[in-house]
$ cat run_31.txt   # compact mmCIF, C-alpha atoms
# COMPACT_ATOMS: atom_id res chain seq x y z
CA MET A 1 131.60 111.53 95.84
CA ALA A 2 129.32 109.33 93.78
CA GLY A 3 131.92 106.59 93.74
CA ALA A 4 132.37 106.88 97.50
CA GLY A 5 128.64 106.50 98.02
CA ARG A 6 128.61 103.48 95.75
CA ASP A 7 131.51 101.85 97.56
CA ALA A 8 130.13 102.46 101.03
CA PRO A 9 129.24 99.27 102.93
CA PRO A 10 125.54 98.45 102.73
CA ARG A 11 123.48 98.85 105.85
CA PRO A 12 121.52 95.95 107.29
CA ALA A 13 117.98 95.66 105.96
CA GLU A 14 116.52 96.28 109.42
CA GLN A 15 118.34 99.63 109.71
CA GLU A 16 117.71 100.63 106.12
CA TYR A 17 113.96 100.34 106.24
CA ARG A 18 113.07 100.91 109.91
CA LEU A 19 110.77 103.84 110.49
CA SER A 20 111.18 106.13 113.46
CA VAL A 21 108.32 106.78 115.86
CA CYS A 22 108.41 110.41 114.76
CA SER A 23 107.88 109.41 111.12
CA LYS A 24 104.89 107.26 112.03
CA LEU A 25 103.38 109.99 114.20
CA CYS A 26 103.86 112.61 111.50
CA TYR A 27 102.19 110.34 108.96
CA ALA A 28 99.26 109.65 111.33
CA ILE A 29 98.82 113.34 112.17
CA GLY A 30 98.69 114.18 108.47
CA GLY A 31 95.64 111.98 107.96
CA ALA A 32 93.89 112.72 111.28
CA PRO A 33 91.84 115.76 110.15
CA ASN A 34 90.44 113.86 107.18
CA GLN A 35 89.50 110.92 109.42
CA VAL A 36 87.87 113.16 112.05
CA ALA A 37 85.81 114.95 109.40
CA GLY A 38 84.74 111.63 107.91
CA SER A 39 83.75 110.26 111.31
CA ALA A 40 81.70 113.35 112.10
CA ALA A 41 79.84 113.04 108.81
CA ALA A 42 79.28 109.32 109.34
CA PHE A 43 77.66 109.79 112.76
CA PHE A 44 75.85 113.11 112.46
CA LEU A 45 75.12 114.00 108.84
CA GLN A 46 71.95 111.94 108.51
CA ILE A 47 70.30 113.25 111.68
CA TYR A 48 71.47 116.77 110.78
CA LEU A 49 69.78 116.55 107.39
CA LEU A 50 66.59 115.16 108.91
CA ASP A 51 66.14 117.08 112.16
CA ILE A 52 68.11 120.31 111.59
CA ALA A 53 67.84 120.96 107.85
CA HIS A 54 64.33 119.42 107.84
CA ILE A 55 64.62 117.61 104.53
CA THR A 56 62.67 114.41 103.95
CA PRO A 57 64.28 110.97 104.45
CA PHE A 58 63.93 110.34 100.70
CA HIS A 59 65.93 113.46 99.86
CA ALA A 60 68.41 112.61 102.61
CA SER A 61 68.86 109.19 101.01
CA LEU A 62 69.59 110.89 97.68
CA VAL A 63 72.17 113.18 99.30
CA LEU A 64 73.90 110.29 101.06
CA PHE A 65 73.88 107.94 98.08
CA ILE A 66 74.85 110.43 95.37
CA GLY A 67 77.49 111.94 97.62
CA ARG A 68 79.05 108.55 98.28
CA ALA A 69 78.75 107.65 94.61
CA SER A 70 80.59 110.83 93.62
CA GLY A 71 83.39 109.89 95.98
CA ALA A 72 83.42 106.37 94.59
CA VAL A 73 83.61 107.55 90.98
CA THR A 74 86.40 109.94 91.90
CA ASP A 75 88.54 107.06 93.22
CA PRO A 76 89.47 105.36 89.93
CA VAL A 77 89.67 108.75 88.21
CA ALA A 78 92.08 109.97 90.89
CA GLY A 79 94.04 106.74 90.63
CA PHE A 80 94.33 107.19 86.86
CA PHE A 81 95.58 110.79 86.99
CA ILE A 82 97.87 110.19 89.96
CA SER A 83 99.47 107.20 88.23
CA LYS A 84 100.04 109.41 85.16
CA SER A 85 101.35 112.44 87.06
CA ARG A 86 105.03 113.38 86.98
CA TRP A 87 107.48 113.28 89.84
CA THR A 88 108.20 116.63 91.49
CA LYS A 89 110.62 117.84 94.13
CA ILE A 90 108.12 116.77 96.80
CA GLY A 91 107.21 113.52 95.07
CA ARG A 92 104.32 112.43 92.88
CA LEU A 93 101.65 112.09 95.59
CA MET A 94 102.22 115.08 97.88
CA PRO A 95 101.12 117.78 95.38
CA TRP A 96 97.68 116.19 95.13
CA MET A 97 97.21 116.21 98.91
CA LEU A 98 98.39 119.79 99.29
CA ALA A 99 96.29 121.10 96.40
CA CYS A 100 92.95 119.61 97.49
CA THR A 101 93.20 120.39 101.24
CA PRO A 102 91.98 124.05 101.24
CA PHE A 103 89.03 123.20 98.97
CA THR A 104 88.15 120.27 101.25
CA VAL A 105 88.01 122.62 104.24
CA VAL A 106 85.66 125.02 102.41
CA SER A 107 83.31 122.26 101.23
CA TYR A 108 83.22 120.75 104.74
CA PHE A 109 82.27 124.10 106.28
CA PHE A 110 79.39 124.69 103.87
CA MET A 111 78.22 121.09 104.25
CA TRP A 112 77.25 121.93 107.85
CA TYR A 113 75.98 125.44 107.11
CA LEU A 114 72.21 125.97 107.34
CA PRO A 115 71.24 128.25 104.43
CA PRO A 116 68.47 130.82 105.05
CA PHE A 117 66.36 129.50 102.17
CA VAL A 118 64.32 126.27 102.33
CA ALA A 119 63.46 125.39 98.74
CA GLY A 120 67.01 124.79 97.58
CA ARG A 121 68.44 123.04 100.64
CA VAL A 122 68.52 119.61 99.01
CA ALA A 123 70.59 120.95 96.12
CA TRP A 124 72.82 122.84 98.58
CA TYR A 125 73.69 119.82 100.68
CA LEU A 126 73.94 117.54 97.67
CA THR A 127 76.44 119.90 96.03
CA PHE A 128 78.72 120.36 99.01
CA TYR A 129 78.54 116.73 100.18
CA CYS A 130 79.51 115.58 96.68
CA LEU A 131 82.37 118.08 96.65
CA PHE A 132 83.49 116.96 100.10
CA GLN A 133 83.45 113.29 99.11
CA ALA A 134 85.33 113.93 95.86
CA LEU A 135 87.96 116.13 97.50
CA THR A 136 88.54 113.78 100.43
CA THR A 137 89.05 111.04 97.85
CA LEU A 138 91.68 113.14 96.08
CA PHE A 139 93.43 113.32 99.44
CA GLN A 140 92.84 109.77 100.65
CA VAL A 141 94.02 107.90 97.53
CA PRO A 142 97.54 109.42 97.44
CA TYR A 143 97.70 109.45 101.26
CA SER A 144 96.95 105.73 101.45
CA ALA A 145 99.29 104.90 98.56
CA LEU A 146 102.01 106.98 100.24
CA THR A 147 102.42 104.33 102.93
CA MET A 148 103.64 101.95 100.25
CA PHE A 149 106.80 104.07 99.93
CA LEU A 150 107.65 104.31 103.62
CA SER A 151 109.40 101.00 104.30
CA THR A 152 110.03 97.51 102.98
CA ASP A 153 110.18 95.79 106.38
CA GLN A 154 107.00 93.79 107.03
CA LYS A 155 106.73 94.73 110.70
CA GLU A 156 107.22 98.36 109.78
CA ARG A 157 104.64 97.95 107.05
CA ASP A 158 102.07 96.65 109.51
CA SER A 159 103.00 99.40 111.94
CA ALA A 160 102.59 102.11 109.30
CA THR A 161 99.75 100.07 107.71
CA ALA A 162 101.54 99.57 104.41
CA TYR A 163 104.83 99.34 102.59
CA HIS A 164 106.21 99.21 99.08
CA PRO A 165 109.24 97.28 97.66
CA TYR A 166 110.17 100.29 95.69
CA ALA A 167 113.55 99.12 94.53
CA LEU A 168 111.87 96.47 92.38
CA THR A 169 110.37 98.90 89.89
CA SER A 170 111.21 98.42 86.26
CA ASP A 171 110.59 100.46 83.20
CA ARG A 172 107.16 99.16 82.25
CA ALA A 173 104.16 100.71 83.95
CA ILE A 174 100.79 99.00 83.87
CA PRO A 175 98.22 101.03 81.90
CA PHE A 176 95.33 101.96 84.18
CA CYS A 177 92.56 100.05 82.39
CA LYS A 178 94.74 96.97 82.01
CA GLY A 179 95.81 97.25 85.63
CA LEU A 180 92.19 97.48 86.74
CA ARG A 181 91.36 94.31 84.80
CA LEU A 182 94.34 92.55 86.36
CA THR A 183 93.31 93.55 89.89
CA MET A 184 89.78 92.25 89.29
CA LYS A 185 91.24 88.90 88.21
CA HIS A 186 93.53 88.68 91.24
CA GLY A 187 91.84 86.20 93.61
CA PRO A 188 93.18 87.51 96.96
CA TYR A 189 92.15 91.05 96.05
CA VAL A 190 88.62 90.05 95.05
CA LYS A 191 88.03 88.07 98.26
CA LEU A 192 89.44 90.85 100.44
CA THR A 193 87.38 93.53 98.69
CA VAL A 194 84.07 91.64 98.78
CA SER A 195 84.57 90.77 102.44
CA PHE A 196 85.35 94.27 103.61
CA LEU A 197 82.80 96.04 101.44
CA LEU A 198 80.15 94.05 103.35
CA ILE A 199 81.83 94.79 106.68
CA SER A 200 82.32 98.49 105.90
CA THR A 201 78.67 98.77 104.87
CA ALA A 202 77.67 97.27 108.22
CA VAL A 203 79.89 99.73 110.09
CA GLN A 204 78.51 102.69 108.12
CA LEU A 205 74.93 101.63 108.83
CA GLU A 206 75.80 101.33 112.52
CA GLN A 207 77.43 104.76 112.60
CA SER A 208 74.84 106.58 110.50
CA ASN A 209 71.81 105.27 112.40
CA PHE A 210 73.28 105.13 115.91
CA VAL A 211 72.39 108.73 116.83
CA LEU A 212 68.88 108.32 115.37
CA PHE A 213 68.45 105.11 117.36
CA CYS A 214 69.58 106.74 120.60
CA THR A 215 67.30 109.74 119.99
CA HIS A 216 64.09 108.03 118.89
CA ALA A 217 64.24 104.34 119.82
CA ALA A 218 66.21 104.12 123.07
CA ASP A 219 65.37 107.37 124.91
CA LEU A 220 69.08 108.23 125.13
CA HIS A 221 68.93 111.59 123.37
CA ASN A 222 70.69 113.31 126.29
CA HIS A 223 73.65 110.95 126.04
CA PHE A 224 74.19 110.30 122.33
CA GLN A 225 77.06 112.80 122.01
CA TYR A 226 78.90 111.14 124.89
CA LEU A 227 78.22 107.72 123.43
CA VAL A 228 79.71 108.82 120.09
CA VAL A 229 82.78 110.18 121.88
CA THR A 230 83.08 106.83 123.68
CA ILE A 231 83.04 105.00 120.35
CA LEU A 232 85.67 107.30 118.81
CA VAL A 233 87.99 107.23 121.83
CA SER A 234 87.67 103.46 122.12
CA ALA A 235 88.50 103.07 118.43
CA ALA A 236 91.50 105.41 118.65
CA VAL A 237 93.12 103.93 121.76
CA SER A 238 92.58 100.33 120.62
CA ILE A 239 94.64 100.68 117.43
CA PRO A 240 97.92 99.67 119.16
CA PHE A 241 96.09 96.72 120.73
CA TRP A 242 94.93 95.47 117.34
CA GLN A 243 98.41 96.09 115.94
CA LYS A 244 99.85 93.69 118.52
CA ILE A 245 97.09 91.15 117.92
CA LEU A 246 97.56 91.02 114.16
CA GLN A 247 101.35 90.77 114.52
CA ARG A 248 101.15 87.96 117.08
CA PHE A 249 98.15 85.93 115.91
CA GLY A 250 97.79 86.94 112.28
CA LYS A 251 95.46 89.25 110.41
CA LYS A 252 92.71 86.74 109.70
CA CYS A 253 92.55 85.89 113.40
CA ALA A 254 92.40 89.58 114.33
CA ALA A 255 89.44 89.98 111.97
CA CYS A 256 87.32 87.99 114.43
CA GLY A 257 87.31 91.09 116.63
CA ILE A 258 85.03 92.80 114.13
CA SER A 259 82.23 90.47 115.23
CA TRP A 260 82.44 91.60 118.86
CA MET A 261 79.90 94.36 118.29
CA ILE A 262 77.18 91.94 117.10
CA PRO A 263 75.92 90.43 120.39
CA PHE A 264 76.16 93.70 122.29
CA ALA A 265 74.32 95.66 119.57
CA VAL A 266 71.55 93.06 119.64
CA MET A 267 71.41 93.38 123.43
CA LEU A 268 71.11 97.16 123.18
CA VAL A 269 68.24 96.82 120.71
CA THR A 270 66.34 94.52 123.07
CA ILE A 271 67.41 96.15 126.37
CA PRO A 272 67.96 99.91 125.81
CA ASP A 273 69.74 100.52 129.13
CA LEU A 274 72.10 103.49 129.69
CA ILE A 275 75.00 101.52 131.24
CA LEU A 276 74.65 98.85 128.56
CA ALA A 277 74.67 101.59 125.91
CA TYR A 278 78.08 102.86 127.08
CA PHE A 279 79.44 99.33 127.15
CA VAL A 280 78.11 98.73 123.64
CA ALA A 281 79.71 101.99 122.51
CA PHE A 282 83.06 100.88 123.93
CA VAL A 283 82.93 97.44 122.29
CA SER A 284 81.69 98.93 119.02
CA GLY A 285 84.72 101.22 119.01
CA LEU A 286 86.98 98.18 119.31
CA SER A 287 85.25 96.47 116.39
CA ILE A 288 85.25 99.61 114.25
CA ALA A 289 88.98 100.05 114.85
CA ALA A 290 89.63 96.50 113.67
CA SER A 291 87.43 96.98 110.59
CA LEU A 292 89.32 100.15 109.67
CA LEU A 293 92.84 98.89 110.35
CA LEU A 294 92.73 95.43 108.82
CA PRO A 295 91.89 96.13 105.16
CA TRP A 296 94.60 98.78 104.91
CA SER A 297 97.02 96.38 106.58
CA MET A 298 96.05 93.49 104.27
CA LEU A 299 95.98 95.44 101.01
CA PRO A 300 99.80 95.77 100.91
CA ASP A 301 100.04 91.98 101.24
CA VAL A 302 97.78 91.67 98.20
CA VAL A 303 99.98 94.17 96.35
CA ASP A 304 103.05 92.12 97.28
CA ASN A 305 101.39 88.95 96.05
CA PHE A 306 100.48 90.65 92.78
CA ARG A 307 104.00 92.09 92.56
CA LEU A 308 105.53 88.65 92.91
CA GLN A 309 103.36 87.31 90.10
CA ASN A 310 104.09 90.37 87.92
CA PRO A 311 107.71 91.24 88.76
CA HIS A 312 108.29 93.45 85.71
CA ARG A 313 105.35 95.76 86.23
CA LYS A 314 105.03 99.01 88.15
CA GLY A 315 102.51 101.77 88.79
CA HIS A 316 99.84 99.42 90.13
CA GLU A 317 99.69 100.63 93.74
CA THR A 318 97.16 103.44 93.26
CA ILE A 319 95.01 101.13 91.10
CA PHE A 320 94.62 98.66 93.98
CA TYR A 321 93.87 101.40 96.49
CA SER A 322 91.56 103.50 94.34
CA SER A 323 89.51 100.54 93.08
CA TYR A 324 89.17 99.18 96.63
CA VAL A 325 87.88 102.51 97.92
CA PHE A 326 85.58 102.78 94.86
CA PHE A 327 83.82 99.51 95.65
CA THR A 328 83.55 100.11 99.39
CA LYS A 329 82.24 103.66 98.96
CA MET A 330 79.72 102.58 96.37
CA SER A 331 78.46 99.75 98.59
CA THR A 332 78.21 101.98 101.67
CA GLY A 333 76.44 104.64 99.60
CA ILE A 334 73.87 102.11 98.47
CA GLY A 335 73.43 100.87 102.04
CA LEU A 336 72.97 104.38 103.47
CA GLY A 337 70.58 105.33 100.69
CA ILE A 338 68.45 102.23 101.29
CA SER A 339 68.40 102.79 105.07
CA ALA A 340 67.27 106.41 104.70
CA ALA A 341 64.68 105.37 102.12
CA GLY A 342 63.48 102.75 104.60
CA LEU A 343 62.84 105.49 107.14
CA GLU A 344 60.84 107.38 104.51
CA PHE A 345 58.81 104.26 103.75
CA THR A 346 57.97 103.65 107.42
CA GLY A 347 56.85 107.24 107.96
CA TYR A 348 59.76 109.13 109.57
CA LYS A 349 58.75 112.74 110.26
CA PRO A 350 61.66 115.22 110.42
CA GLY A 351 61.79 117.46 113.47
CA ILE A 352 59.22 115.75 115.71
CA CYS A 353 60.09 114.34 119.13
CA LYS A 354 58.25 111.00 118.96
CA GLN A 355 58.34 108.75 115.91
CA SER A 356 55.94 105.92 115.05
CA SER A 357 56.45 102.33 116.16
CA ASP A 358 57.29 101.35 112.56
CA VAL A 359 60.15 103.86 112.48
CA ILE A 360 61.45 102.61 115.83
CA LEU A 361 61.36 99.01 114.60
CA THR A 362 63.23 100.04 111.42
CA LEU A 363 65.94 101.75 113.46
CA LYS A 364 66.34 98.62 115.62
CA ILE A 365 66.72 96.48 112.49
CA LEU A 366 69.26 98.91 110.99
CA ILE A 367 71.29 98.88 114.21
CA GLY A 368 71.04 95.19 115.08
CA ALA A 369 69.99 92.65 112.46
CA VAL A 370 71.32 94.16 109.22
CA PRO A 371 74.90 94.91 110.41
CA ALA A 372 75.06 91.49 112.09
CA ILE A 373 74.17 89.67 108.86
CA LEU A 374 76.58 91.74 106.77
CA ILE A 375 79.49 91.20 109.19
CA ILE A 376 78.88 87.44 109.45
CA VAL A 377 78.77 87.05 105.66
CA GLY A 378 81.85 89.24 105.24
CA LEU A 379 83.88 87.25 107.78
CA PHE A 380 82.74 83.99 106.15
CA ILE A 381 84.11 85.17 102.79
CA LEU A 382 87.34 86.22 104.52
CA LEU A 383 87.87 82.59 105.58
CA PHE A 384 88.74 81.87 101.92
CA TYR A 385 91.29 84.69 101.72
CA PRO A 386 94.44 82.77 100.68
CA ILE A 387 97.25 84.93 102.07
CA THR A 388 98.40 83.50 105.42
CA GLU A 389 101.27 84.46 107.69
CA GLU A 390 103.37 81.67 106.19
CA SER A 391 102.71 82.79 102.62
CA ARG A 392 103.56 86.37 103.65
CA LYS A 393 106.97 85.20 104.85
CA GLU A 394 107.55 83.29 101.62
CA THR A 395 106.55 86.34 99.61
CA LYS A 396 108.90 88.51 101.65
CA LEU A 397 111.85 86.19 100.95
CA ALA A 398 111.03 86.02 97.24
CA LEU A 399 110.77 89.81 97.01
CA GLU A 400 114.10 90.20 98.81
CA VAL A 401 115.73 87.90 96.25
CA LEU A 402 114.27 89.94 93.41
CA ARG A 403 115.38 93.16 95.09
CA ARG A 404 118.97 91.94 95.51
CA ASN A 405 119.06 90.76 91.91
CA HIS A 406 117.74 94.12 90.77
CA LYS A 407 120.39 95.99 92.77
CA SER A 408 123.12 93.69 91.46
CA THR A 409 122.00 94.40 87.91
CA GLU A 410 122.06 98.15 88.59
CA ASN A 411 125.57 97.95 90.05
CA LEU A 412 126.80 95.98 87.03
CA ASP A 413 125.31 98.56 84.68
CA GLU A 414 126.94 101.42 86.59
CA HIS A 415 130.29 99.60 86.63
CA GLY A 416 130.07 99.08 82.88
CA GLU A 417 129.33 102.77 82.31
CA ASP A 418 132.29 103.80 84.51
CA THR A 419 134.58 101.45 82.56
CA LEU A 420 133.48 102.96 79.25
CA VAL A 421 134.09 106.46 80.59
$ encode --input "run_31.txt" --output "structure tokens"
Amino acid sequence: MAGAGRDAPPRPAEQEYRLSVCSKLCYAIGGAPNQVAGSAAAFFLQIYLLDIAHITPFHASLVLFIGRASGAVTDPVAGFFISKSRWTKIGRLMPWMLACTPFTVVSYFFMWYLPPFVAGRVAWYLTFYCLFQALTTLFQVPYSALTMFLSTDQKERDSATAYHPYALTSDRAIPFCKGLRLTMKHGPYVKLTVSFLLISTAVQLEQSNFVLFCTHAADLHNHFQYLVVTILVSAAVSIPFWQKILQRFGKKCAACGISWMIPFAVMLVTIPDLILAYFVAFVSGLSIAASLLLPWSMLPDVVDNFRLQNPHRKGHETIFYSSYVFFTKMSTGIGLGISAAGLEFTGYKPGICKQSSDVILTLKILIGAVPAILIIVGLFILLFYPITEESRKETKLALEVLRRNHKSTENLDEHGEDTLV
């Protein structure tokens, strides 16, 4: 039977690595709860801490920053242990996702629970937000790296957001610390990470302060929940649109869509009109979708580029993913902490209906000027990102040559063993 399998005619590459729609849907559904929980926390946690839990903006800034920092620190730690874990019947990554899921659900529930005591509420929310961030990281790192094992076709990779030339693995794994040093010296990775950590910080500031802005600065407190739903629906339904754009015009060109939210957000700050607010929410959803899709679509290209330069190494996938999430989470944590501290400095009073003019001005700056500057600088850095569509094609051909050579070597080794037997 083994000989028959070995002698069977090889399938075309397109058939061998093409993913079914069902496989893509199942993969997307698996990550949906984690994304929904993260989106809810991004939009509502800050105003919940301020106006429901009645903790000061300074303490809210500590909760947001330390929580994000705990998630960031967990990323490289998770990458280290996952890269060292053994293969099981369900793979090396799946056990981590299954084990952390029930604990993530519990921590998420208590993160939104209002305890009957007042004195210890800061410690309560800090504890469960840190646990939630750490546990979602333990899920997200293997879940993101899992896409690298789905397909080797580039169109399928973009469709599933990632792929991995798995047949190229050799016997030498990169030690974690050495791999981290190599990733930090890899030019395409550094440019991509710096660019999107600025962009992701801008998006987080927009999300975290949007409900506060609608409530206190734009007199839209009766509509903010519908505006948030508009943003989320717009982001979800626009993913296929961005997928087509990046496949037809290239990923760097598609990144320009992230800047769409800038002029409309500035308009909303200056003209807080209801109809304009819904239009801004729709356009912001488009930009947020692009900012979420593109880095995870571009990271596999960086991994391929690194793979081509280090063809005899393996075990580097989780290092790229975990270190990327570490830097972005740390930067967004710092940004959220500074924004909440800014509200404390300007005199935000939890639980009151009308805030001071200084607080309103701060919210306008956090919604308009600061995200605009961060996005513009991030996109400027992305201009120097060296991986183009042409270089991707060249990398694909080079990896295919290495893959065929690797398979030929394996077949020769098996033939030699059969001859000896």
$ atom_distance --input "run_31.txt" --atom1 "atom CA of A:Ile29" --atom2 "atom CA of A:Ala236"
12.6 Å
$ closest_residue --input "run_31.txt" --among "A:Ala134, A:Ala99, A:Met184, A:Ala202" --to "A:Gly335" --atoms "all atoms listed in the file"
A:Ala202
$ closest_residue --input "run_31.txt" --among "A:Gln309, A:Gln35, A:Ala78, A:Leu293" --to "A:Phe196" --atoms "only C-alpha atoms"
A:Leu293
$ closest_residue --input "run_31.txt" --among "A:Gly187, A:Gly67, A:Pro300, A:Gly342" --to "A:Ala145" --atoms "all atoms listed in the file"
A:Pro300
$ atom_distance --input "run_31.txt" --atom1 "atom CA of A:Leu25" --atom2 "atom CA of A:Gln243"
14.9 Å
$ atom_distance --input "run_31.txt" --atom1 "atom CA of A:Ser200" --atom2 "atom CA of A:Cys256"
14.4 Å
$ closest_residue --input "run_31.txt" --among "A:Arg392, A:His59, A:Lys349, A:Arg307" --to "A:Thr183" --atoms "all atoms listed in the file"
A:Arg307
$ residues_around --input "run_31.txt" --residues "A:Glu206" --least-positions-apart "3" --cutoff "7 Å" --atoms "only C-alpha atoms" --output "PyMOL selection string"
chain A and resi 202-203+209-210+367+371
$ closest_residue --input "run_31.txt" --among "A:Cys100, A:Leu50, A:Val105, A:Val190" --to "A:Val122" --atoms "all atoms listed in the file"
A:Leu50
$ residues_around --input "run_31.txt" --residues "stretch 44-48 of chain A" --least-positions-apart "5" --cutoff "10 Å" --atoms "all atoms listed in the file" --output "NGL selection string"
:A and (38-39 or 53-55 or 57 or 60-61 or 63-64 or 111-112 or 114 or 129 or 207-212 or 215 or 225 or 228 or 336 or 340 or 350-351)
$ residues_around --input "run_31.txt" --residues "A:Val269" --least-positions-apart "2" --cutoff "9 Å" --atoms "only C-alpha atoms" --output "list in words"
Phe213, Ala217, Ala218, Phe264, Ala265, Val266, Met267, Ile271, Pro272, Lys364, Ile365, Ile367 and Gly368 of chain A
$ closest_residue --input "run_31.txt" --among "A:Val77, A:Leu227, A:Leu49, A:Ala37" --to "A:Tyr108" --atoms "only C-alpha atoms"
A:Ala37
$ residues_around --input "run_31.txt" --residues "A:Ser323" --least-positions-apart "3" --cutoff "8 Å" --atoms "only C-alpha atoms" --output "list in words"
Asp75, Pro76, Leu180, Ile319, Phe320, Phe326 and Phe327 of chain A
$ residues_around --input "run_31.txt" --residues "A:Ser291" --least-positions-apart "3" --cutoff "8 Å" --atoms "all atoms listed in the file" --output "ChimeraX atom specification"
/A:196,199-200,255,258,287-288,294-295
$ decode --input "run_31.txt" --residues "stretch 31-43 of chain A" --atoms "N, CA, C and O atoms" --output "PDB file, in the first residue's frame"
ATOM      1  N   GLY A  31     -12.501  31.467  14.620  1.00  0.00           N
ATOM      2  CA  GLY A  31     -11.920  32.665  15.215  1.00  0.00           C
ATOM      3  C   GLY A  31     -12.917  33.773  15.484  1.00  0.00           C
ATOM      4  O   GLY A  31     -12.565  34.784  16.111  1.00  0.00           O
ATOM      5  N   ALA A  32     -14.173  33.607  15.017  1.00  0.00           N
ATOM      6  CA  ALA A  32     -15.166  34.681  15.145  1.00  0.00           C
ATOM      7  C   ALA A  32     -15.465  35.057  16.592  1.00  0.00           C
ATOM      8  O   ALA A  32     -15.513  36.254  16.918  1.00  0.00           O
ATOM      9  N   PRO A  33     -15.698  34.107  17.507  1.00  0.00           N
ATOM     10  CA  PRO A  33     -16.005  34.515  18.888  1.00  0.00           C
ATOM     11  C   PRO A  33     -14.899  35.349  19.521  1.00  0.00           C
ATOM     12  O   PRO A  33     -15.182  36.319  20.234  1.00  0.00           O
ATOM     13  N   ASN A  34     -13.660  34.987  19.268  1.00  0.00           N
ATOM     14  CA  ASN A  34     -12.544  35.745  19.829  1.00  0.00           C
ATOM     15  C   ASN A  34     -12.516  37.168  19.271  1.00  0.00           C
ATOM     16  O   ASN A  34     -12.266  38.138  20.000  1.00  0.00           O
ATOM     17  N   GLN A  35     -12.807  37.308  17.970  1.00  0.00           N
ATOM     18  CA  GLN A  35     -12.822  38.631  17.349  1.00  0.00           C
ATOM     19  C   GLN A  35     -13.983  39.478  17.858  1.00  0.00           C
ATOM     20  O   GLN A  35     -13.833  40.685  18.087  1.00  0.00           O
ATOM     21  N   VAL A  36     -15.151  38.858  18.032  1.00  0.00           N
ATOM     22  CA  VAL A  36     -16.319  39.599  18.535  1.00  0.00           C
ATOM     23  C   VAL A  36     -16.066  40.089  19.950  1.00  0.00           C
ATOM     24  O   VAL A  36     -16.362  41.245  20.296  1.00  0.00           O
ATOM     25  N   ALA A  37     -15.503  39.222  20.795  1.00  0.00           N
ATOM     26  CA  ALA A  37     -15.202  39.625  22.170  1.00  0.00           C
ATOM     27  C   ALA A  37     -14.178  40.754  22.195  1.00  0.00           C
ATOM     28  O   ALA A  37     -14.307  41.714  22.971  1.00  0.00           O
ATOM     29  N   GLY A  38     -13.162  40.663  21.347  1.00  0.00           N
ATOM     30  CA  GLY A  38     -12.168  41.724  21.280  1.00  0.00           C
ATOM     31  C   GLY A  38     -12.740  43.038  20.799  1.00  0.00           C
ATOM     32  O   GLY A  38     -12.391  44.113  21.313  1.00  0.00           O
ATOM     33  N   SER A  39     -13.652  42.983  19.822  1.00  0.00           N
ATOM     34  CA  SER A  39     -14.283  44.206  19.321  1.00  0.00           C
ATOM     35  C   SER A  39     -15.166  44.849  20.379  1.00  0.00           C
ATOM     36  O   SER A  39     -15.183  46.077  20.535  1.00  0.00           O
ATOM     37  N   ALA A  40     -15.897  44.031  21.120  1.00  0.00           N
ATOM     38  CA  ALA A  40     -16.742  44.569  22.184  1.00  0.00           C
ATOM     39  C   ALA A  40     -15.905  45.272  23.246  1.00  0.00           C
ATOM     40  O   ALA A  40     -16.248  46.367  23.712  1.00  0.00           O
ATOM     41  N   ALA A  41     -14.789  44.657  23.622  1.00  0.00           N
ATOM     42  CA  ALA A  41     -13.912  45.287  24.611  1.00  0.00           C
ATOM     43  C   ALA A  41     -13.296  46.572  24.071  1.00  0.00           C
ATOM     44  O   ALA A  41     -13.159  47.563  24.799  1.00  0.00           O
ATOM     45  N   ALA A  42     -12.931  46.559  22.783  1.00  0.00           N
ATOM     46  CA  ALA A  42     -12.317  47.752  22.200  1.00  0.00           C
ATOM     47  C   ALA A  42     -13.262  48.941  22.204  1.00  0.00           C
ATOM     48  O   ALA A  42     -12.851  50.077  22.477  1.00  0.00           O
ATOM     49  N   PHE A  43     -14.537  48.715  21.909  1.00  0.00           N
ATOM     50  CA  PHE A  43     -15.488  49.828  21.818  1.00  0.00           C
ATOM     51  C   PHE A  43     -16.061  50.236  23.174  1.00  0.00           C
ATOM     52  O   PHE A  43     -16.282  51.425  23.428  1.00  0.00           O
TER      53      PHE A  43
END
